[in-house]
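Peer 1: Take a look at this one; I'll ask things after.
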Amino acid sequence: MSVVLKVLTVALGALWPLIVFGAVWADLWRYVLPVLAMLFGLKLLYSVKRPHQGYQPLVRAGLVVSAVALTLCLLSLTFSTIGFMLYYPVAVNLILLTLFATSLKSEQSLVERLARLQDPELSPRAVRYTRKVTQAWCLFFIGNGTLAAASALYGDLKLWTLWNGLLSYLALGLMFGGEYVLRQRLQARDPARTADGKSTADDTHAPAPRLTMPTIPLSHWLTAPCVSAPCANVSPANVPHVEALSYVSAVRAQLSQAPGPRVALVITAPYDFALALLATLSLGQRPVILGHHKPQLLVQQQELFDCVLTDQVACTTAAQALGLSAPIYALSQLTDQPQPPAAVAATRRALQELDPQACFELYTSGSTGTPKRVLKTVGEMEAEATQLTALLGDKLVGATIVSTVFPYHMYGLTFTVFLPWSTQTKLHRPQIHYSEELAALPAQPYVLISSSAFLKRLDFTLPAPQLNAIISAGGPLPPETRAALQQWCGVTATEIYGSTEAGVMAWRQALSDSAPFTLFSDVTLQADATGAITLSSGHVATKLTLDDRIELEPERTIKLLGRTDRIVKIEEKRVALNAIEAALTARPEVQAAAVTVVTRGGRDLIAAALVMNTPCLQPQPLPGATYLKLRRELAAQLEPHALPRLMLQVPALPENALGKRDRHTLNEWFAAKLPPHYNKATVNKSQEQ
């Protein structure tokens, strides 16, 4: 019904001058106007009940046009005159002028957004052209609206109908036709386009000129007189220097009594995490960033740290009940009392003396096996922030960073701690967990730091916030999600390729999966004779051999082909776990699959967790008939040693906050759900090496 109303009201709007002229000529306007008012009123009613997806300014403009039409109909009926109806074309031109003109203030003009629906990879020259076309349309609406207003004021219905029902449409056609001819001629002369009219990769992915923003070292985050704590949208709105220094002093006072130098930071709020990091480093202690806040894992990994500093009291209390012996310091209890001036002064001096070579430990997410320790220095993180500033500088100016990711992952540490603090960009203190929280943000520019897992779940029927940029990392962003984001808020997401060991390596901003990534300026990749990729980076102290298969392309671009560490040996034969997952998901009854390795009596076996078309509430062994059917079908594609020996049906594949596969939960499921004859089986801790 809503689609019919939409099509009908659009047609009525286009034929408005002819409808008004016919109604007056036949003296039926007292009957026609109630019908028009009813149709436009119904459209508004359906639009309110069922919010539309799409570019929100365009959607809102359509609603305003319908509201204007309804208002003019009601005014004409109330005052028994057709005169109000003559101003509909004036209102439409004014609304379109406002829509096009306001888009010139955003990252992408309206014409550019429409052009990217056909060609997502516009060249910089094409982007400049679309902006000029947007300006030309603004001039057109000014001229057309002025003539429409003049014809309405003149009061001659025939003249009004001639211009608004015929001549203005001819002018509109000439505008479209002239712009099309000009565009074709410019495209033919644009050296940045290929023969099929698409932008070349060189031009599309070359970094555009960015506004240079100064960065400050970590030792100046709270000590330089020209900076302040980058915190926004809290009470008070801006955290004073003295309050932040007092916070750090209180944490330092408690950590100075810790039984050892290794401090696990189990903190989910980026602002509090940054101050805790400063406090730990200023004491010469080593921050330990585990990458989670799970009680069971804290107990299992307690040999990695001497104490815990946390804002997750419930988590750590549960860990103590499970056997955690390390002391726990709760931030909420440490920062209640103001610190004496002498302690604050000592804190300031200690922060000013921070060593750029000071280290902290990070642990990988374990998405491909056992988490491993990675050492990072303060100087490396500062160099990485400088690279991101060169990429995002103009997007950060006047914006506030909002985040859906935790700071205790490498991605969150880089983008929600080091980036905002080193550039003094405002940081939205509460973390975003739901689409509704994002839609409810006050009207101001934002840079959204998020993950594929969150962006895939976004409710695009909600109003879009004013976003300067969207940063996504941790996993591939599906093409349909990229397109939905572009249509929703007019911003093409920037995808970051990186790892805990290497930091940020490359980026891309495109709607197509085929688009390559562009390396950051201080990153170099080289392939050896075996095809292994070695990384050299200005923000990583040593050379690294990557676990990803990468195709090196011209002009410092790369294509990602998958991971090399998903090749395992079963009975001395190489098995690609990705290939097994692909074979499983090709079955119509399987929606998703995660494959790993378990060990029984020293023998490695393939195990698969499956999301089936028939839902289940908890992990359970696959029914025997389904198990045998899948094995028979897979035998036509896979070698016998690659066939899954154990299959579990699960409600959903476990993912961590970054959208990566949660191997810890997966391993727990297999260990708990093994059939009786597997009672000696244990999850292979060196799986997928």
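So you can find residues: chains in the structure tokens are A, B, ... in the order shown, residues in each start at 1, and ligands are numbered from 1 in order.
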Tell me which protein, DNA and RNA residues are within 9 Å of A:Leu110, counting only C-alpha atoms, leaving out same-chain ones fewer than 6 positions away, and put them as number ranges by chain.
Peer 2: A: 58, 99-104, 130-131, 134, 490
Peer 1: Would you export the selected residues with all heavy atoms as a PDB file, in the first residue's frame, please?
Peer 2:
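selection17.pdb, freshly written:
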ATOM      1  N   LEU A  58      17.248  13.070   1.626  1.00  0.00           N
ATOM      2  CA  LEU A  58      16.344  12.922   0.483  1.00  0.00           C
ATOM      3  C   LEU A  58      14.976  12.424   0.940  1.00  0.00           C
ATOM      4  O   LEU A  58      13.932  12.880   0.450  1.00  0.00           O
ATOM      5  CB  LEU A  58      16.961  11.953  -0.526  1.00  0.00           C
ATOM      6  CG  LEU A  58      16.400  11.967  -1.948  1.00  0.00           C
ATOM      7  CD1 LEU A  58      16.533  13.353  -2.570  1.00  0.00           C
ATOM      8  CD2 LEU A  58      17.095  10.929  -2.802  1.00  0.00           C
ATOM      9  N   LEU A  99      17.963  21.216  -0.249  1.00  0.00           N
ATOM     10  CA  LEU A  99      18.568  19.885  -0.230  1.00  0.00           C
ATOM     11  C   LEU A  99      19.926  19.883  -0.928  1.00  0.00           C
ATOM     12  O   LEU A  99      20.923  19.374  -0.396  1.00  0.00           O
ATOM     13  CB  LEU A  99      17.620  18.886  -0.900  1.00  0.00           C
ATOM     14  CG  LEU A  99      18.105  17.440  -0.996  1.00  0.00           C
ATOM     15  CD1 LEU A  99      18.248  16.826   0.388  1.00  0.00           C
ATOM     16  CD2 LEU A  99      17.131  16.614  -1.839  1.00  0.00           C
ATOM     17  N   PHE A 100      19.978  20.472  -2.136  1.00  0.00           N
ATOM     18  CA  PHE A 100      21.226  20.487  -2.895  1.00  0.00           C
ATOM     19  C   PHE A 100      22.259  21.399  -2.231  1.00  0.00           C
ATOM     20  O   PHE A 100      23.444  21.062  -2.166  1.00  0.00           O
ATOM     21  CB  PHE A 100      20.965  20.950  -4.328  1.00  0.00           C
ATOM     22  CG  PHE A 100      20.487  19.852  -5.240  1.00  0.00           C
ATOM     23  CD1 PHE A 100      19.223  19.307  -5.108  1.00  0.00           C
ATOM     24  CD2 PHE A 100      21.305  19.354  -6.238  1.00  0.00           C
ATOM     25  CE1 PHE A 100      18.773  18.297  -5.949  1.00  0.00           C
ATOM     26  CE2 PHE A 100      20.871  18.346  -7.086  1.00  0.00           C
ATOM     27  CZ  PHE A 100      19.593  17.814  -6.943  1.00  0.00           C
ATOM     28  N   ALA A 101      21.826  22.556  -1.759  1.00  0.00           N
ATOM     29  CA  ALA A 101      22.768  23.518  -1.180  1.00  0.00           C
ATOM     30  C   ALA A 101      23.385  22.995   0.115  1.00  0.00           C
ATOM     31  O   ALA A 101      24.589  23.139   0.339  1.00  0.00           O
ATOM     32  CB  ALA A 101      22.071  24.853  -0.932  1.00  0.00           C
ATOM     33  N   THR A 102      22.580  22.376   0.978  1.00  0.00           N
ATOM     34  CA  THR A 102      23.129  21.865   2.242  1.00  0.00           C
ATOM     35  C   THR A 102      24.082  20.695   2.003  1.00  0.00           C
ATOM     36  O   THR A 102      25.012  20.488   2.797  1.00  0.00           O
ATOM     37  CB  THR A 102      21.997  21.415   3.174  1.00  0.00           C
ATOM     38  OG1 THR A 102      21.123  20.493   2.478  1.00  0.00           O
ATOM     39  CG2 THR A 102      21.186  22.597   3.654  1.00  0.00           C
ATOM     40  N   SER A 103      23.871  19.936   0.935  1.00  0.00           N
ATOM     41  CA  SER A 103      24.793  18.821   0.659  1.00  0.00           C
ATOM     42  C   SER A 103      26.182  19.314   0.290  1.00  0.00           C
ATOM     43  O   SER A 103      27.165  18.570   0.403  1.00  0.00           O
ATOM     44  CB  SER A 103      24.236  17.935  -0.459  1.00  0.00           C
ATOM     45  OG  SER A 103      24.388  18.537  -1.733  1.00  0.00           O
ATOM     46  N   LEU A 104      26.301  20.562  -0.164  1.00  0.00           N
ATOM     47  CA  LEU A 104      27.609  21.110  -0.497  1.00  0.00           C
ATOM     48  C   LEU A 104      28.474  21.302   0.740  1.00  0.00           C
ATOM     49  O   LEU A 104      29.695  21.434   0.634  1.00  0.00           O
ATOM     50  CB  LEU A 104      27.446  22.452  -1.230  1.00  0.00           C
ATOM     51  CG  LEU A 104      26.863  22.377  -2.645  1.00  0.00           C
ATOM     52  CD1 LEU A 104      26.552  23.770  -3.163  1.00  0.00           C
ATOM     53  CD2 LEU A 104      27.820  21.659  -3.588  1.00  0.00           C
ATOM     54  N   THR A 130      31.085  16.679  -9.998  1.00  0.00           N
ATOM     55  CA  THR A 130      29.762  16.513  -9.371  1.00  0.00           C
ATOM     56  C   THR A 130      29.440  17.676  -8.443  1.00  0.00           C
ATOM     57  O   THR A 130      28.276  18.066  -8.308  1.00  0.00           O
ATOM     58  CB  THR A 130      29.702  15.190  -8.586  1.00  0.00           C
ATOM     59  OG1 THR A 130      30.755  15.156  -7.609  1.00  0.00           O
ATOM     60  CG2 THR A 130      29.844  13.997  -9.518  1.00  0.00           C
ATOM     61  N   ARG A 131      30.460  18.225  -7.803  1.00  0.00           N
ATOM     62  CA  ARG A 131      30.218  19.380  -6.932  1.00  0.00           C
ATOM     63  C   ARG A 131      29.788  20.593  -7.759  1.00  0.00           C
ATOM     64  O   ARG A 131      28.890  21.346  -7.361  1.00  0.00           O
ATOM     65  CB  ARG A 131      31.473  19.692  -6.122  1.00  0.00           C
ATOM     66  CG  ARG A 131      31.311  20.807  -5.096  1.00  0.00           C
ATOM     67  CD  ARG A 131      32.392  20.750  -4.058  1.00  0.00           C
ATOM     68  NE  ARG A 131      32.215  19.612  -3.172  1.00  0.00           N
ATOM     69  CZ  ARG A 131      31.493  19.643  -2.053  1.00  0.00           C
ATOM     70  NH1 ARG A 131      30.893  20.763  -1.682  1.00  0.00           N
ATOM     71  NH2 ARG A 131      31.371  18.582  -1.296  1.00  0.00           N
ATOM     72  N   THR A 134      26.223  20.107  -8.784  1.00  0.00           N
ATOM     73  CA  THR A 134      25.330  20.420  -7.658  1.00  0.00           C
ATOM     74  C   THR A 134      25.106  21.921  -7.551  1.00  0.00           C
ATOM     75  O   THR A 134      23.980  22.389  -7.321  1.00  0.00           O
ATOM     76  CB  THR A 134      25.925  19.876  -6.346  1.00  0.00           C
ATOM     77  OG1 THR A 134      26.198  18.478  -6.483  1.00  0.00           O
ATOM     78  CG2 THR A 134      24.963  20.086  -5.185  1.00  0.00           C
ATOM     79  N   GLY A 490      25.464   8.679   3.504  1.00  0.00           N
ATOM     80  CA  GLY A 490      26.231   9.371   2.476  1.00  0.00           C
ATOM     81  C   GLY A 490      27.732   9.253   2.630  1.00  0.00           C
ATOM     82  O   GLY A 490      28.471   9.992   1.980  1.00  0.00           O
TER      83      GLY A 490
END
Peer 1: Give me, as number ranges by chain, all polymer residues having an atom no more than 10 Å from stretch 249-262 of chain A, counting only C-alpha atoms and skipping those fewer than 6 positions away in the same chain.
Peer 2: A: 243, 275-288, 304-309, 326-331, 333-348, 360-361
Peer 1: In Å, with one decimal, what is the gap from atom CA of A:Met175 to atom CA of A:Gln135?
Peer 2: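 Answer for the atom CA of A:Met175 to atom CA of A:Gln135 separation: 12.7 Å.
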Peer 1: Please, what distance in Å, to one decimal, runs between atom CA of A:Val397 and atom CA of A:Leu467?
Peer 2: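 Taking atom CA of A:Val397 as the start and atom CA of A:Leu467 as the end point, the length is 12.2 Å.
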Peer 1: Hey, which of A:Pro34, A:Pro214, A:Gly178, A:Gly41 ends up closest to A:Gln387? Count only C-alpha atoms.
Peer 2: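 The answer is A:Pro214, which sits nearest to A:Gln387.
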Peer 1: Between A:Val242, A:Leu147, A:Ala636, A:Leu584, which one has atoms that come closest to A:Val611, using only C-alpha atoms?
Peer 2: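 For A:Val611, the nearest of the given residues is A:Leu584.
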Peer 1: With distances taken over only C-alpha atoms, which of A:Thr524, A:Asn578, A:Gln357, A:Ser151 is nearest to A:Gly165?
Peer 2: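 Ranking A:Thr524, A:Asn578, A:Gln357, A:Ser151 by distance to A:Gly165, first place goes to A:Ser151.
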Peer 1: With a distance cut-off of 10 Å and only C-alpha atoms, select the neighbouring residues of stretch 555-561 of chain A, excluding the residue or stretch itself and same-chain residues fewer than 4 positions from it, and output the selection as a list of chain:residue names.
Peer 2: A:Ala201, A:Asp202, A:Asp203, A:His205, A:Ala206, A:Tyr497, A:Ala506, A:Trp507, A:Arg508, A:Asp513, A:Ser514, A:Ala515, A:Pro516, A:Phe517, A:Thr518, A:Leu519, A:Phe520, A:Ser521, A:Val523, A:Thr524, A:Leu525, A:Asp548, A:Arg549, A:Ile550, A:Glu551
Peer 1: I need the chosen residues saved as an mmCIF file, in the first residue's frame, with N, CA, C and O atoms.
Peer 2:
data_model
loop_
_atom_site.group_PDB
_atom_site.id
_atom_site.type_symbol
_atom_site.label_atom_id
_atom_site.label_comp_id
_atom_site.auth_asym_id
_atom_site.auth_seq_id
_atom_site.Cartn_x
_atom_site.Cartn_y
_atom_site.Cartn_z
ATOM 1 N N ALA A 201 42.269 2.221 -10.742
ATOM 2 C CA ALA A 201 42.630 2.005 -9.333
ATOM 3 C C ALA A 201 43.630 3.034 -8.851
ATOM 4 O O ALA A 201 43.611 3.454 -7.701
ATOM 5 N N ASP A 202 44.517 3.472 -9.779
ATOM 6 C CA ASP A 202 45.534 4.434 -9.375
ATOM 7 C C ASP A 202 44.897 5.689 -8.811
ATOM 8 O O ASP A 202 45.275 6.194 -7.780
ATOM 9 N N ASP A 203 43.876 6.201 -9.540
ATOM 10 C CA ASP A 203 43.263 7.461 -9.138
ATOM 11 C C ASP A 203 42.302 7.274 -7.979
ATOM 12 O O ASP A 203 42.229 8.068 -7.069
ATOM 13 N N HIS A 205 42.258 5.103 -5.543
ATOM 14 C CA HIS A 205 42.774 4.764 -4.229
ATOM 15 C C HIS A 205 43.983 5.595 -3.827
ATOM 16 O O HIS A 205 44.570 5.359 -2.795
ATOM 17 N N ALA A 206 44.385 6.542 -4.659
ATOM 18 C CA ALA A 206 45.448 7.433 -4.242
ATOM 19 C C ALA A 206 44.926 8.357 -3.152
ATOM 20 O O ALA A 206 43.841 8.899 -3.269
ATOM 21 N N TYR A 497 43.104 -2.468 7.113
ATOM 22 C CA TYR A 497 43.726 -3.782 7.183
ATOM 23 C C TYR A 497 44.919 -3.681 8.123
ATOM 24 O O TYR A 497 45.796 -2.828 7.946
ATOM 25 N N ALA A 506 47.140 -1.003 5.766
ATOM 26 C CA ALA A 506 46.570 -0.492 4.521
ATOM 27 C C ALA A 506 45.130 -0.077 4.762
ATOM 28 O O ALA A 506 44.533 -0.396 5.796
ATOM 29 N N TRP A 507 44.556 0.615 3.791
ATOM 30 C CA TRP A 507 43.180 1.097 3.897
ATOM 31 C C TRP A 507 42.543 1.110 2.510
ATOM 32 O O TRP A 507 43.233 1.094 1.484
ATOM 33 N N ARG A 508 41.235 1.122 2.496
ATOM 34 C CA ARG A 508 40.505 1.329 1.243
ATOM 35 C C ARG A 508 39.161 1.983 1.563
ATOM 36 O O ARG A 508 38.632 1.837 2.666
ATOM 37 N N ASP A 513 34.147 -5.301 -3.542
ATOM 38 C CA ASP A 513 35.124 -6.210 -2.960
ATOM 39 C C ASP A 513 36.396 -6.285 -3.788
ATOM 40 O O ASP A 513 37.457 -6.639 -3.280
ATOM 41 N N SER A 514 36.280 -5.993 -5.078
ATOM 42 C CA SER A 514 37.438 -6.096 -5.966
ATOM 43 C C SER A 514 38.416 -4.931 -5.796
ATOM 44 O O SER A 514 39.536 -4.986 -6.300
ATOM 45 N N ALA A 515 37.995 -3.878 -5.129
ATOM 46 C CA ALA A 515 38.871 -2.718 -4.950
ATOM 47 C C ALA A 515 40.052 -3.093 -4.054
ATOM 48 O O ALA A 515 39.869 -3.722 -3.015
ATOM 49 N N PRO A 516 41.269 -2.712 -4.418
ATOM 50 C CA PRO A 516 42.433 -3.048 -3.599
ATOM 51 C C PRO A 516 42.568 -2.118 -2.400
ATOM 52 O O PRO A 516 41.916 -1.083 -2.316
ATOM 53 N N PHE A 517 43.439 -2.507 -1.495
ATOM 54 C CA PHE A 517 43.820 -1.669 -0.361
ATOM 55 C C PHE A 517 45.057 -0.861 -0.739
ATOM 56 O O PHE A 517 45.909 -1.328 -1.494
ATOM 57 N N THR A 518 45.177 0.338 -0.188
ATOM 58 C CA THR A 518 46.357 1.177 -0.379
ATOM 59 C C THR A 518 47.202 1.140 0.883
ATOM 60 O O THR A 518 46.696 1.346 1.988
ATOM 61 N N LEU A 519 48.497 0.877 0.730
ATOM 62 C CA LEU A 519 49.397 0.819 1.880
ATOM 63 C C LEU A 519 49.592 2.198 2.480
ATOM 64 O O LEU A 519 49.620 3.204 1.762
ATOM 65 N N PHE A 520 49.728 2.248 3.806
ATOM 66 C CA PHE A 520 50.104 3.496 4.449
ATOM 67 C C PHE A 520 51.522 3.873 4.019
ATOM 68 O O PHE A 520 52.327 3.020 3.635
ATOM 69 N N SER A 521 51.837 5.159 4.113
ATOM 70 C CA SER A 521 53.070 5.675 3.509
ATOM 71 C C SER A 521 54.334 5.090 4.118
ATOM 72 O O SER A 521 55.370 5.030 3.456
ATOM 73 N N VAL A 523 54.671 1.947 5.203
ATOM 74 C CA VAL A 523 54.594 0.485 5.158
ATOM 75 C C VAL A 523 55.099 -0.013 3.808
ATOM 76 O O VAL A 523 54.732 0.521 2.764
ATOM 77 N N THR A 524 55.950 -1.040 3.842
ATOM 78 C CA THR A 524 56.448 -1.676 2.624
ATOM 79 C C THR A 524 56.262 -3.183 2.751
ATOM 80 O O THR A 524 56.605 -3.773 3.787
ATOM 81 N N LEU A 525 55.711 -3.821 1.708
ATOM 82 C CA LEU A 525 55.543 -5.269 1.670
ATOM 83 C C LEU A 525 56.412 -5.838 0.555
ATOM 84 O O LEU A 525 56.493 -5.279 -0.540
ATOM 85 N N ASP A 548 49.057 -13.710 6.148
ATOM 86 C CA ASP A 548 48.033 -13.532 5.126
ATOM 87 C C ASP A 548 48.619 -13.767 3.737
ATOM 88 O O ASP A 548 49.802 -13.494 3.490
ATOM 89 N N ARG A 549 47.782 -14.256 2.851
ATOM 90 C CA ARG A 549 48.160 -14.356 1.434
ATOM 91 C C ARG A 549 47.766 -13.042 0.769
ATOM 92 O O ARG A 549 46.603 -12.639 0.813
ATOM 93 N N ILE A 550 48.727 -12.384 0.175
ATOM 94 C CA ILE A 550 48.534 -11.039 -0.363
ATOM 95 C C ILE A 550 49.064 -10.976 -1.780
ATOM 96 O O ILE A 550 50.144 -11.501 -2.071
ATOM 97 N N GLU A 551 48.313 -10.348 -2.644
ATOM 98 C CA GLU A 551 48.758 -10.091 -4.014
ATOM 99 C C GLU A 551 49.208 -8.633 -4.104
ATOM 100 O O GLU A 551 48.425 -7.714 -3.868
#
Peer 1: Using DSSP on the backbone, list every residue of stretch 381-605 of chain A that comes out as strand (DSSP E), and give them as a PyMOL selection string.
Peer 2: chain A and resi 400-403+426-427+446-451+467-473+494-499+503-508+517-519+523-527+533-537+544-545+548-553+557-563+567-570+573-576+590-600+603-605
Peer 1: Of the residues A:Leu646, A:Pro57, A:Gly624, A:Val266, which is the one nearest to A:Asp604, using only C-alpha atoms?
Peer 2: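 Nearest candidate to A:Asp604 out of A:Leu646, A:Pro57, A:Gly624, A:Val266: A:Leu646.
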Peer 1: As number ranges by chain, please: every residue in stretch 1-194 of chain A that a backbone DSSP assignment puts in helix (DSSP H, G or I).
Peer 2: A: 2-14, 16-25, 29-49, 56-78, 83-103, 110-116, 124-154, 157-188
Peer 1: Report as a PDB file with C-alpha atoms, in the first residue's frame all protein, DNA and RNA residues lying within 9 Å of A:Cys73, evaluated on only C-alpha atoms, omitting residues in the same chain fewer than 2 positions from it.
Peer 2:
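Okay, this is what ended up in around-v3.pdb:
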ATOM      1  CA  LEU A  33      -8.785  19.047  -3.338  1.00  0.00           C
ATOM      2  CA  PRO A  34     -10.166  16.706  -0.608  1.00  0.00           C
ATOM      3  CA  LEU A  36      -5.485  15.231  -2.990  1.00  0.00           C
ATOM      4  CA  ALA A  37      -5.376  16.072   0.720  1.00  0.00           C
ATOM      5  CA  VAL A  68       3.428  21.165   1.874  1.00  0.00           C
ATOM      6  CA  ALA A  69       0.978  19.653  -0.618  1.00  0.00           C
ATOM      7  CA  LEU A  70      -1.369  18.628   2.193  1.00  0.00           C
ATOM      8  CA  THR A  71      -1.150  22.088   3.795  1.00  0.00           C
ATOM      9  CA  LEU A  75      -5.702  26.111   3.110  1.00  0.00           C
ATOM     10  CA  SER A  76      -7.456  26.310  -0.265  1.00  0.00           C
ATOM     11  CA  LEU A  77     -10.435  24.369   1.094  1.00  0.00           C
ATOM     12  CA  THR A  78     -10.575  26.461   4.263  1.00  0.00           C
ATOM     13  CA  ILE A  82      -7.477  28.003  -5.452  1.00  0.00           C
ATOM     14  CA  PHE A  84      -2.817  28.711  -2.363  1.00  0.00           C
ATOM     15  CA  MET A  85      -2.400  25.806  -4.817  1.00  0.00           C
TER      16      MET A  85
END
Peer 1: Using only C-alpha atoms, which of the listed residues (A:Ala453, A:Glu639, A:Leu290, A:Thr534) sits closest to A:Arg661?
Peer 2: A:Ala453
Peer 1: Could you tell me how far atom CA of A:Pro479 sits from atom CA of A:Leu511, in Å to one decimal place?
Peer 2: 6.1 Å
Peer 1: Using only C-alpha atoms, determine which residues lie at most 6 Å from stretch 371-386 of chain A, disregarding the query and same-chain residues fewer than 2 positions distant; provide the list as a PyMOL selection string.
Peer 2: chain A and resi 356-366+388-389+419+539
Peer 1: For the residues in the current selection, export N, CA, C and O atoms as an mmCIF file, in the first residue's frame.
Peer 2:
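Writing the result to part-v6.cif gives the following:
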data_model
loop_
_atom_site.group_PDB
_atom_site.id
_atom_site.type_symbol
_atom_site.label_atom_id
_atom_site.label_comp_id
_atom_site.auth_asym_id
_atom_site.auth_seq_id
_atom_site.Cartn_x
_atom_site.Cartn_y
_atom_site.Cartn_z
ATOM 1 N N PRO A 356 59.613 7.212 25.370
ATOM 2 C CA PRO A 356 58.969 6.675 24.157
ATOM 3 C C PRO A 356 59.252 5.192 23.929
ATOM 4 O O PRO A 356 58.527 4.532 23.191
ATOM 5 N N GLN A 357 60.312 4.669 24.570
ATOM 6 C CA GLN A 357 60.631 3.251 24.418
ATOM 7 C C GLN A 357 59.964 2.385 25.493
ATOM 8 O O GLN A 357 60.201 1.169 25.537
ATOM 9 N N ALA A 358 59.138 3.001 26.345
ATOM 10 C CA ALA A 358 58.404 2.216 27.342
ATOM 11 C C ALA A 358 57.509 1.202 26.643
ATOM 12 O O ALA A 358 56.848 1.506 25.647
ATOM 13 N N CYS A 359 57.475 -0.017 27.176
ATOM 14 C CA CYS A 359 56.758 -1.119 26.517
ATOM 15 C C CYS A 359 55.446 -1.442 27.225
ATOM 16 O O CYS A 359 55.280 -1.202 28.421
ATOM 17 N N PHE A 360 54.543 -2.004 26.455
ATOM 18 C CA PHE A 360 53.389 -2.664 27.036
ATOM 19 C C PHE A 360 53.106 -3.921 26.230
ATOM 20 O O PHE A 360 53.539 -4.066 25.090
ATOM 21 N N GLU A 361 52.405 -4.863 26.869
ATOM 22 C CA GLU A 361 52.144 -6.163 26.256
ATOM 23 C C GLU A 361 50.708 -6.231 25.763
ATOM 24 O O GLU A 361 49.784 -5.855 26.478
ATOM 25 N N LEU A 362 50.553 -6.717 24.532
ATOM 26 C CA LEU A 362 49.229 -7.018 24.015
ATOM 27 C C LEU A 362 49.166 -8.504 23.687
ATOM 28 O O LEU A 362 50.192 -9.122 23.357
ATOM 29 N N TYR A 363 47.982 -9.048 23.778
ATOM 30 C CA TYR A 363 47.780 -10.452 23.406
ATOM 31 C C TYR A 363 46.750 -10.501 22.287
ATOM 32 O O TYR A 363 45.722 -9.829 22.330
ATOM 33 N N THR A 364 47.072 -11.285 21.262
ATOM 34 C CA THR A 364 46.184 -11.382 20.106
ATOM 35 C C THR A 364 44.852 -11.970 20.536
ATOM 36 O O THR A 364 44.734 -12.596 21.598
ATOM 37 N N SER A 365 43.845 -11.784 19.679
ATOM 38 C CA SER A 365 42.491 -12.222 20.019
ATOM 39 C C SER A 365 42.366 -13.735 20.066
ATOM 40 O O SER A 365 41.396 -14.260 20.583
ATOM 41 N N GLY A 366 43.341 -14.457 19.503
ATOM 42 C CA GLY A 366 43.232 -15.911 19.482
ATOM 43 C C GLY A 366 42.252 -16.414 18.464
ATOM 44 O O GLY A 366 41.779 -17.545 18.547
ATOM 45 N N LEU A 388 47.622 7.682 10.814
ATOM 46 C CA LEU A 388 46.162 7.797 10.755
ATOM 47 C C LEU A 388 45.728 9.252 10.643
ATOM 48 O O LEU A 388 44.726 9.559 9.990
ATOM 49 N N THR A 389 46.462 10.133 11.283
ATOM 50 C CA THR A 389 46.139 11.556 11.194
ATOM 51 C C THR A 389 46.310 12.055 9.767
ATOM 52 O O THR A 389 45.517 12.870 9.281
ATOM 53 N N LEU A 419 44.694 7.746 18.883
ATOM 54 C CA LEU A 419 44.282 8.720 17.867
ATOM 55 C C LEU A 419 43.615 9.953 18.477
ATOM 56 O O LEU A 419 44.038 11.088 18.212
ATOM 57 N N HIS A 539 56.231 2.179 11.906
ATOM 58 C CA HIS A 539 55.682 2.102 13.252
ATOM 59 C C HIS A 539 55.761 0.685 13.832
ATOM 60 O O HIS A 539 55.044 0.348 14.764
#
Peer 1: Tell me which protein, DNA and RNA residues are within 10 Å of A:Lys6, counting only C-alpha atoms, leaving out same-chain ones fewer than 6 positions away, and put them as a ChimeraX atom specification.
Peer 2: /A:12,39-40,42-44,46-47,62,66
Peer 1: Just N, CA, C and O atoms for this one: save the residues we selected as a CSV table (one decimal), in the first residue's frame.
Peer 2:
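Generated file (out_19.csv):
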chain,number,residue,atom,x,y,z
A,12,LEU,N,1.1,12.7,-8.8
A,12,LEU,CA,0.2,13.9,-8.6
A,12,LEU,C,1.1,15.2,-8.5
A,12,LEU,O,0.7,16.2,-9.0
A,39,LEU,N,-4.9,11.7,-0.1
A,39,LEU,CA,-3.8,10.9,-0.6
A,39,LEU,C,-2.4,11.3,0.1
A,39,LEU,O,-1.6,10.5,0.5
A,40,PHE,N,-2.2,12.6,0.1
A,40,PHE,CA,-0.9,13.1,0.7
A,40,PHE,C,-0.9,12.9,2.2
A,40,PHE,O,0.2,12.6,2.8
A,42,LEU,N,-2.4,10.3,3.7
A,42,LEU,CA,-2.1,8.9,3.9
A,42,LEU,C,-0.7,8.6,3.7
A,42,LEU,O,-0.1,7.8,4.4
A,43,LYS,N,0.0,9.2,2.7
A,43,LYS,CA,1.4,9.0,2.5
A,43,LYS,C,2.2,9.4,3.7
A,43,LYS,O,3.1,8.7,4.2
A,44,LEU,N,1.9,10.5,4.3
A,44,LEU,CA,2.6,11.0,5.5
A,44,LEU,C,2.4,10.0,6.7
A,44,LEU,O,3.3,9.7,7.4
A,46,TYR,N,1.7,6.7,6.5
A,46,TYR,CA,2.5,5.5,6.3
A,46,TYR,C,3.9,5.8,6.5
A,46,TYR,O,4.7,4.9,7.0
A,47,SER,N,4.4,6.9,6.1
A,47,SER,CA,5.9,7.2,6.3
A,47,SER,C,6.3,7.3,7.7
A,47,SER,O,7.4,6.9,8.1
A,62,GLY,N,11.3,14.5,0.7
A,62,GLY,CA,10.1,13.9,0.2
A,62,GLY,C,8.9,14.1,1.1
A,62,GLY,O,7.8,14.4,0.7
A,66,SER,N,5.4,16.4,0.6
A,66,SER,CA,4.0,15.9,0.9
A,66,SER,C,3.3,16.7,1.9
A,66,SER,O,2.1,17.0,1.8
Peer 1: Here is a test: counting only C-alpha atoms, which residue of A:Ala319, A:Pro442, A:Ala350, A:Leu153 is nearest to A:Leu245?
Peer 2: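 Smallest distance to A:Leu245 is found for A:Ala350.
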